[in-house]
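Reviewing the structure listed below.
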Amino acid sequence: MTVTLLSDAAQVGTAVVAEKKVKKPIRQAVGGIVIDTKTNKALMLSSRKEEGAYRLPRGNCDENETPEQAVVRVLHDEAGVKVETLGSRVGTYTEANKKGKIVGHHWIFEVTDHVLLDSWPALDRKRVWLTFEEAIAACADRHISRLALNNSTLRQ
């Protein structure tokens with residue numbers, strides 16, 4: 001019986017060694033800085049995770065979707081914004097973890113030609129218009145969002 005237990009233990013040990021750590025794919029994400037040119041304010045959404053916090057609309061790219069296609073979809077689904085004309089890309093950012101390993105690529109676009117919809121998939125999220133200073137303050141803990149806002153025409 002002792003031999004059987006050792007044999008079982010050896011098989012379990014072999015199985016553990018044989019398992020490979022599955023690599024996480026690098027995140028491909030987009031975001032939008034939707035600007036009301038009449039008031040020079042940016043559209044932000046209530047955070048799903050933090051009550052009272054506001055975030056730029058953002059989301060992941062779907063498979064086989066370009067960043068340009070993804071941001072149009074994300075702005076519709078998350079913020080109820082129909083993009084008439086996609087503006088310039090205000091930044092392409094690479095995200096790394098604490099060890100320096102790349103974990104994400106982010107493309108942020110500016111949109112000034114848009115229509116706000118009355119109904120959209122994430123209707124539970126509140127939309128607010130913030131000045132540049134207010135948007136920067138709302139993104140105090142979001143490095144990529146702050147960089148993008150600083151590169152946008154909203155800053156002018």
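Naming scheme: A, B, ... for chains in displayed order of the structure tokens; residues 1 onward per chain; ligands 1 onward as shown.
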- Message: If we count only C-alpha atoms and set the cut-off at 9 Å, which residues sit around range 83-96 of chain A, ignoring sequence neighbours fewer than 4 positions away in its own chain? Please answer as a ChimeraX atom specification.
- Response: /A:27,33,68,71-73,75-76,100-116,144,147-153
- Message: Need to verify the contact set: Cys61 in chain A, 6 Å, only C-alpha atoms, exclusion of same-chain residues closer than 5 positions in sequence. Can you return it as a list in words?
- Response: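 The filter keeps Gln28, Ala29 and Ala70 of chain A.
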- Task: Can you check which residues of range 42-95 of chain A DSSP gives as helix (DSSP H, G or I) on the backbone and send them as a VMD selection string?
- Result: chain A and resid 67 to 79
Give me the residues of range 20-80 of chain A that have any atom at most 12 Å from an atom of range 119-133 of chain A; for each, the nearest atom pair and the distance in Å, rounded to one decimal. Use only C-alpha atoms, sort by chain and number, and format it as CSV.
```
residue,atom,partner,partner_atom,distance
A:Ile33,CA,A:Phe132,CA,10.8
A:Val34,CA,A:Trp129,CA,9.3
A:Ile35,CA,A:Trp129,CA,8.6
A:Asp36,CA,A:Trp129,CA,8.2
A:Thr37,CA,A:Thr131,CA,11.3
A:Lys38,CA,A:Trp129,CA,11.6
A:Thr39,CA,A:Thr131,CA,8.4
A:Asn40,CA,A:Thr131,CA,6.8
A:Lys41,CA,A:Thr131,CA,4.6
A:Ala42,CA,A:Leu130,CA,5.3
A:Leu43,CA,A:Trp129,CA,4.6
A:Met44,CA,A:Val128,CA,5.4
A:Leu45,CA,A:Arg127,CA,4.8
A:Ser46,CA,A:Lys126,CA,5.1
A:Ser47,CA,A:Arg125,CA,7.4
A:Arg48,CA,A:Arg125,CA,7.5
A:Lys49,CA,A:Arg125,CA,11.2
A:Glu50,CA,A:Arg125,CA,11.9
A:Glu51,CA,A:Arg125,CA,11.1
A:Gly52,CA,A:Lys126,CA,10.3
A:Ala53,CA,A:Lys126,CA,10.5
A:Tyr54,CA,A:Val128,CA,8.1
A:Arg55,CA,A:Arg127,CA,9.7
A:Leu56,CA,A:Arg127,CA,10.0
A:Pro57,CA,A:Arg127,CA,9.8
A:Arg73,CA,A:Pro121,CA,10.8
A:Val74,CA,A:Ala122,CA,10.1
A:Leu75,CA,A:Trp120,CA,9.7
A:His76,CA,A:Trp120,CA,6.8
A:Asp77,CA,A:Pro121,CA,5.2
A:Glu78,CA,A:Ala122,CA,5.1
A:Ala79,CA,A:Ala122,CA,6.9
A:Gly80,CA,A:Trp120,CA,4.9
```
